[in-house]
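Dumped target29.cif below, it's mmCIF, C-alpha atoms:
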```cif
data_final
#
loop_
_atom_site.label_atom_id
_atom_site.label_comp_id
_atom_site.auth_asym_id
_atom_site.auth_seq_id
_atom_site.Cartn_x
_atom_site.Cartn_y
_atom_site.Cartn_z
CA MET A 98 7.45 6.80 23.02
CA GLN A 99 4.99 3.93 22.48
CA THR A 100 3.77 3.45 18.90
CA ILE A 101 1.92 0.15 19.37
CA SER A 102 -1.47 0.13 21.10
CA SER A 103 -1.75 -1.65 24.44
CA ASP A 104 -4.41 -3.99 22.94
CA MET A 105 -1.90 -5.15 20.34
CA LEU A 106 0.81 -5.64 22.96
CA ASP A 107 -1.57 -7.79 25.03
CA ASP A 108 -2.29 -10.12 22.09
CA GLN A 109 0.84 -10.16 19.92
CA LYS A 110 -0.28 -13.27 18.02
CA ARG A 111 -3.34 -11.49 16.59
CA ILE A 112 -3.36 -11.41 12.80
CA VAL A 113 -3.70 -7.82 11.55
CA ILE A 114 -2.74 -8.19 7.86
CA ARG A 115 -3.76 -11.10 5.66
CA ALA A 116 -2.13 -11.24 2.21
CA THR A 117 -3.21 -13.95 -0.23
CA SER A 118 -1.59 -14.83 -3.56
CA LYS A 119 -0.41 -17.83 -5.58
CA ILE A 120 3.20 -16.94 -4.78
CA ALA A 121 4.30 -15.68 -1.35
CA PRO A 122 3.81 -11.88 -1.33
CA GLY A 123 7.09 -11.25 0.47
CA TYR A 124 7.88 -7.93 2.09
CA LEU A 125 4.99 -5.45 2.21
CA ARG A 126 6.06 -1.84 2.72
CA GLY A 127 3.79 0.36 4.79
CA GLN A 128 5.83 3.30 5.97
CA ALA A 129 9.35 4.49 5.24
CA TYR A 130 11.12 6.39 7.97
CA ASP A 131 13.76 8.65 6.51
CA LYS A 132 14.77 11.07 9.24
CA TYR A 133 16.58 10.22 12.48
CA GLN A 134 16.62 12.79 15.25
CA LEU A 135 17.39 12.47 18.95
CA GLY A 136 17.10 8.68 18.91
CA THR A 137 13.79 8.54 17.01
CA TRP A 138 13.05 7.62 13.39
CA MET A 139 10.55 9.96 11.72
CA VAL A 140 8.81 10.53 8.39
CA ASP A 141 9.71 13.59 6.35
CA LYS A 142 6.46 15.59 6.30
CA ASN A 143 7.67 17.50 3.23
CA SER A 144 8.07 14.37 1.09
CA LYS A 145 6.73 15.03 -2.41
CA THR A 146 3.62 13.00 -3.27
CA ARG A 147 2.10 12.16 -6.64
CA SER A 148 -1.43 11.11 -7.49
CA MET A 149 -2.03 7.77 -9.14
CA ARG A 150 -4.27 7.66 -12.22
CA PRO A 151 -7.80 6.43 -11.36
CA LYS A 152 -10.15 4.25 -13.41
CA VAL A 153 -13.52 3.96 -11.67
CA HIS A 154 -15.52 0.70 -11.93
CA THR A 155 -19.20 1.18 -11.11
CA GLY A 156 -21.94 -1.24 -10.20
CA MET A 157 -22.76 -3.35 -7.18
CA LEU A 158 -19.06 -3.94 -6.47
CA ALA A 159 -17.73 -0.43 -7.15
CA PHE A 160 -13.99 0.16 -6.78
CA THR A 161 -11.21 2.11 -8.44
CA THR A 162 -8.10 0.82 -10.19
CA PHE A 163 -5.16 3.15 -9.61
CA SER A 164 -2.07 3.02 -11.80
CA PHE A 165 1.06 5.14 -12.12
CA PRO A 166 0.60 8.40 -14.08
CA LYS A 167 3.08 7.56 -16.84
CA ALA A 168 2.07 3.90 -17.19
CA ASN A 169 0.45 2.81 -20.45
CA ASN A 170 -3.35 2.71 -20.50
CA LYS A 171 -3.42 -1.07 -20.19
CA ALA A 172 -2.51 -1.66 -16.56
CA SER A 173 -1.09 -5.09 -15.82
CA PHE A 174 -3.42 -7.33 -13.83
CA LYS A 175 -0.93 -10.13 -13.32
CA ASN A 176 0.41 -11.56 -10.08
CA PRO A 177 -2.32 -10.25 -7.73
CA VAL A 178 -1.95 -10.03 -3.97
CA GLU A 179 -5.25 -9.65 -2.09
CA ILE A 180 -4.77 -7.81 1.18
CA MET A 181 -7.17 -7.50 4.11
CA ILE A 182 -6.45 -5.24 7.08
CA SER A 183 -7.88 -6.08 10.51
CA SER A 184 -9.98 -3.44 12.24
CA ASN A 185 -7.45 -3.75 15.08
CA LEU A 186 -4.80 -2.11 12.91
CA ARG A 187 -5.30 1.60 12.46
CA THR A 188 -3.29 2.86 9.52
CA LYS A 189 -3.42 5.72 7.04
CA VAL A 190 -1.18 3.92 4.53
CA ILE A 191 -1.59 0.71 2.57
CA PHE A 192 0.94 -2.12 2.49
CA THR A 193 2.42 -2.97 -0.91
CA PRO A 194 5.25 -5.04 -2.40
CA GLY A 195 8.08 -3.16 -4.10
CA ASN A 196 7.16 -4.32 -7.62
CA ILE A 197 3.65 -2.85 -7.59
CA GLN A 198 2.00 -1.95 -10.92
CA SER A 199 -1.58 -1.08 -9.98
CA ILE A 200 -4.07 -1.30 -7.11
CA ASP A 201 -7.81 -2.05 -6.91
CA ILE A 202 -9.20 -0.28 -3.85
CA ILE A 203 -12.35 1.44 -2.61
CA ALA A 204 -10.98 4.97 -2.26
CA GLU A 205 -11.48 8.42 -3.78
CA GLU A 206 -7.80 9.09 -4.40
CA LEU A 207 -4.44 7.36 -3.99
CA LYS A 208 -1.11 9.17 -3.64
CA TYR A 209 2.41 7.82 -3.30
CA ASN A 210 5.79 9.31 -2.51
CA THR A 211 9.30 8.52 -3.69
CA ASP A 212 9.78 6.18 -0.70
CA GLY A 213 6.96 3.89 -1.88
CA VAL A 214 4.42 4.96 0.75
CA PHE A 215 0.85 4.83 -0.60
CA THR A 216 -1.82 6.97 1.09
CA PRO A 217 -5.49 6.58 0.13
CA LYS A 218 -8.12 9.30 0.62
CA GLU A 219 -11.60 8.33 1.86
CA TRP A 220 -10.57 4.67 1.95
CA ILE A 221 -13.15 2.05 2.93
CA ASP A 222 -10.67 -0.36 4.48
CA GLU A 223 -13.24 -3.09 5.25
CA GLY A 224 -13.15 -3.98 1.54
CA GLY A 225 -9.43 -4.70 1.52
CA TYR A 226 -7.54 -4.11 -1.70
CA THR A 227 -5.72 -5.98 -4.45
CA VAL A 228 -2.19 -5.11 -5.56
CA TYR A 229 -0.91 -6.22 -8.96
CA ARG A 230 2.83 -6.88 -9.30
CA SER A 231 5.08 -6.70 -12.35
CA ASN A 232 6.49 -10.15 -11.54
CA THR A 233 6.35 -12.82 -8.85
CA ASN A 234 9.67 -11.94 -7.22
CA SER A 235 8.56 -11.64 -3.60
CA GLU A 236 11.71 -9.77 -2.58
CA SER A 237 11.47 -6.92 -5.10
CA ALA A 238 12.56 -3.54 -3.80
CA TRP A 239 10.71 -0.28 -4.44
CA GLN A 240 11.93 1.12 -7.75
CA GLU A 241 12.24 4.77 -6.66
CA PRO A 242 13.45 7.36 -6.49
CA THR A 243 13.07 7.70 -10.24
CA ASP A 244 10.74 9.71 -12.39
CA ARG A 245 7.76 7.61 -13.46
#
```
Turn the structure described in the file into structure tokens.
Amino acid sequence: MQTISSDMLDDQKRIVIRATSKIAPGYLRGQAYDKYQLGTWMVDKNSKTRSMRPKVHTGMLAFTTFSFPKANNKASFKNPVEIMISSNLRTKVIFTPGNIQSIDIIAEELKYNTDGVFTPKEWIDEGGYTVYRSNTNSESAWQEPTDR
């Protein structure tokens, strides 16, 4: 079963994700495969998702800041990682470091599951997004499963 498009296989040096920050962003999680069956890794379709809390910013550069539901009202805007996704990469999830605190993105809704997979709804991916981390440790693991 082929999961990579033939265009991508033809040009494997093409940059599809650009992450910019003062400190190396490290590992960016996109998808977590948690079920192995007949030689294939799969995603559990019944994985419980939770909505992140939105704060809409209006104006010429409208976007939404999403933070975890139980986080305090003052989301941390330290240690940003700006991420741009190439139009050659088709994805329904966003790529984040494990120590994520909040996200600025042009989307109507943002959900996440206990595996650290973030799925935006009505995402305008041409605008990229900015992830804010709790610290600059580029090798931080996702802090779930716990109750946030």
Run the PyMOL selection byres ((chain A and resi 123) around 12) mentally over the shown coordinates, then write out the matched residues as a VMD selection string, using the chain letters and numbers from the document.
chain A and resid 116 to 122 124 to 126 178 192 to 196 230 233 to 238
Any idea what the distance is between CA of Glu205 (chain A) and CA of His154 (chain A)?
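Spanning CA of Glu205 (chain A) to CA of His154 (chain A) is a straight-line distance of 11.9 Å.
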Given all atoms listed in the file as the basis, pick out the residue of A:Val214, A:Ala204, A:Ile112, A:Ile197 nearest to Thr161 (chain A).
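Counting all atoms listed in the file, the residue closest to Thr161 (chain A) is A:Ala204.
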Using all atoms listed in the file and a cutoff of 8 Å, can you tell me which residues are near (-8.0, 7.8, -9.6) in the file's coordinates, and write them out as an mmCIF file with C-alpha atoms, in the coordinates of the input?
```
data_model
loop_
_atom_site.group_PDB
_atom_site.id
_atom_site.type_symbol
_atom_site.label_atom_id
_atom_site.label_comp_id
_atom_site.auth_asym_id
_atom_site.auth_seq_id
_atom_site.Cartn_x
_atom_site.Cartn_y
_atom_site.Cartn_z
ATOM 1 C CA SER A 148 -1.430 11.110 -7.490
ATOM 2 C CA MET A 149 -2.030 7.770 -9.140
ATOM 3 C CA ARG A 150 -4.270 7.660 -12.220
ATOM 4 C CA PRO A 151 -7.800 6.430 -11.360
ATOM 5 C CA LYS A 152 -10.150 4.250 -13.410
ATOM 6 C CA VAL A 153 -13.520 3.960 -11.670
ATOM 7 C CA THR A 161 -11.210 2.110 -8.440
ATOM 8 C CA THR A 162 -8.100 0.820 -10.190
ATOM 9 C CA PHE A 163 -5.160 3.150 -9.610
ATOM 10 C CA SER A 164 -2.070 3.020 -11.800
ATOM 11 C CA GLU A 205 -11.480 8.420 -3.780
ATOM 12 C CA GLU A 206 -7.800 9.090 -4.400
ATOM 13 C CA LEU A 207 -4.440 7.360 -3.990
#
```
I need the residue nearest Phe160 (chain A) from this list: A:Gly225, A:Ile203, A:Asp212, A:Asp108. Use all atoms listed in the file for the distance.
A:Ile203
Of the residues A:Trp138, A:Ser199, A:Val113, A:Lys218, which is the one nearest to Lys175 (chain A), using all atoms listed in the file?
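Looking at the shortest contact to Lys175 (chain A), the residue is A:Ser199.
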Identify, on the basis of only C-alpha atoms, every residue whose closest approach to Val190 (chain A) does not exceed 8 Å; exclude the query and any residue fewer than 3 positions from it along the same chain; express the result as a ChimeraX atom specification.
/A:127-128,214-217
Could you dump the residues just selected with C-alpha atoms as a short mmCIF file (atom, residue, chain, number, x, y, z; two decimals), keeping the file's coordinate frame?
```cif
data_model
loop_
_atom_site.label_atom_id
_atom_site.label_comp_id
_atom_site.auth_asym_id
_atom_site.auth_seq_id
_atom_site.Cartn_x
_atom_site.Cartn_y
_atom_site.Cartn_z
CA GLY A 127 3.79 0.36 4.79
CA GLN A 128 5.83 3.30 5.97
CA VAL A 214 4.42 4.96 0.75
CA PHE A 215 0.85 4.83 -0.60
CA THR A 216 -1.82 6.97 1.09
CA PRO A 217 -5.49 6.58 0.13
#
```
Find the spatial neighbours of Met139 (chain A), counting all atoms listed in the file, within a cut-off of 9 Å - ignore same-chain residues fewer than 5 positions away - and output them as JSON, numbers by chain.
{"A": [129, 130, 131, 132, 133, 134]}
Using only C-alpha atoms, can you tell me which of A:Ser144, A:Thr137, A:Ser183, A:Thr155 comes closest to Gly224 (chain A)?
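Once distances to Gly224 (chain A) are computed over only C-alpha atoms, the minimum belongs to A:Ser183.
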Atom-to-atom span, CA of Thr211 (chain A) and CA of Ala159 (chain A), Å:
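Separation of CA of Thr211 (chain A) and CA of Ala159 (chain A): 28.7 Å.
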When you count only C-alpha atoms, which of these residues is closest to Leu158 (chain A): A:Ile191, A:Tyr229, A:Leu186, A:Asp201?
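Ranked by minimum distance to Leu158 (chain A), first place goes to A:Asp201.
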Measuring atom to atom with all atoms listed in the file, identify which of A:Asn143, A:Gln240, A:Ser231, A:Asn185 is nearest to Gln109 (chain A).
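Smallest distance to Gln109 (chain A) is found for A:Asn185.
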Using Å and a single decimal, report how far CA of Leu135 (chain A) sits from CA of Gly213 (chain A).
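CA of Leu135 (chain A) lies at a distance of 24.8 Å from CA of Gly213 (chain A).
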Generate the missing atoms of region 115-134 of chain A up to N, CA and C atoms and report them as a compact mmCIF listing (two decimals), in the frame of the given file.
```txt
# COMPACT_ATOMS: atom_id res chain seq x y z
N ARG A 115 -3.69 -9.81 6.34
CA ARG A 115 -3.76 -11.10 5.66
C ARG A 115 -3.54 -10.84 4.17
N ALA A 116 -2.46 -11.40 3.62
CA ALA A 116 -2.13 -11.24 2.21
C ALA A 116 -2.21 -12.60 1.54
N THR A 117 -2.99 -12.69 0.47
CA THR A 117 -3.21 -13.95 -0.23
C THR A 117 -2.79 -13.82 -1.69
N SER A 118 -1.98 -14.78 -2.15
CA SER A 118 -1.59 -14.83 -3.56
C SER A 118 -1.07 -16.23 -3.88
N LYS A 119 -0.92 -16.51 -5.18
CA LYS A 119 -0.41 -17.83 -5.58
C LYS A 119 1.04 -18.02 -5.16
N ILE A 120 1.79 -16.94 -5.19
CA ILE A 120 3.20 -16.94 -4.78
C ILE A 120 3.31 -16.07 -3.53
N ALA A 121 4.15 -16.46 -2.59
CA ALA A 121 4.30 -15.68 -1.35
C ALA A 121 4.49 -14.20 -1.67
N PRO A 122 3.72 -13.31 -1.02
CA PRO A 122 3.81 -11.88 -1.33
C PRO A 122 5.11 -11.24 -0.90
N GLY A 123 5.82 -11.83 0.02
CA GLY A 123 7.09 -11.25 0.47
C GLY A 123 6.89 -10.01 1.32
N TYR A 124 7.87 -9.14 1.28
CA TYR A 124 7.88 -7.93 2.09
C TYR A 124 6.81 -6.95 1.61
N LEU A 125 6.00 -6.47 2.53
CA LEU A 125 4.99 -5.45 2.21
C LEU A 125 5.37 -4.16 2.92
N ARG A 126 5.64 -3.13 2.16
CA ARG A 126 6.06 -1.84 2.72
C ARG A 126 4.81 -1.06 3.14
N GLY A 127 4.87 -0.50 4.31
CA GLY A 127 3.79 0.36 4.79
C GLY A 127 4.26 1.79 4.96
N GLN A 128 5.31 1.96 5.68
CA GLN A 128 5.83 3.30 5.97
C GLN A 128 7.34 3.28 5.80
N ALA A 129 7.90 4.37 5.35
CA ALA A 129 9.35 4.49 5.24
C ALA A 129 9.79 5.66 6.11
N TYR A 130 10.60 5.35 7.09
CA TYR A 130 11.12 6.39 7.97
C TYR A 130 12.45 6.86 7.41
N ASP A 131 12.58 8.15 7.20
CA ASP A 131 13.76 8.65 6.51
C ASP A 131 14.51 9.75 7.25
N LYS A 132 14.12 10.01 8.46
CA LYS A 132 14.77 11.07 9.24
C LYS A 132 15.01 10.54 10.66
N TYR A 133 16.22 10.69 11.14
CA TYR A 133 16.58 10.22 12.48
C TYR A 133 17.01 11.42 13.31
N GLN A 134 16.31 11.64 14.42
CA GLN A 134 16.62 12.79 15.25
C GLN A 134 16.43 12.45 16.71
```
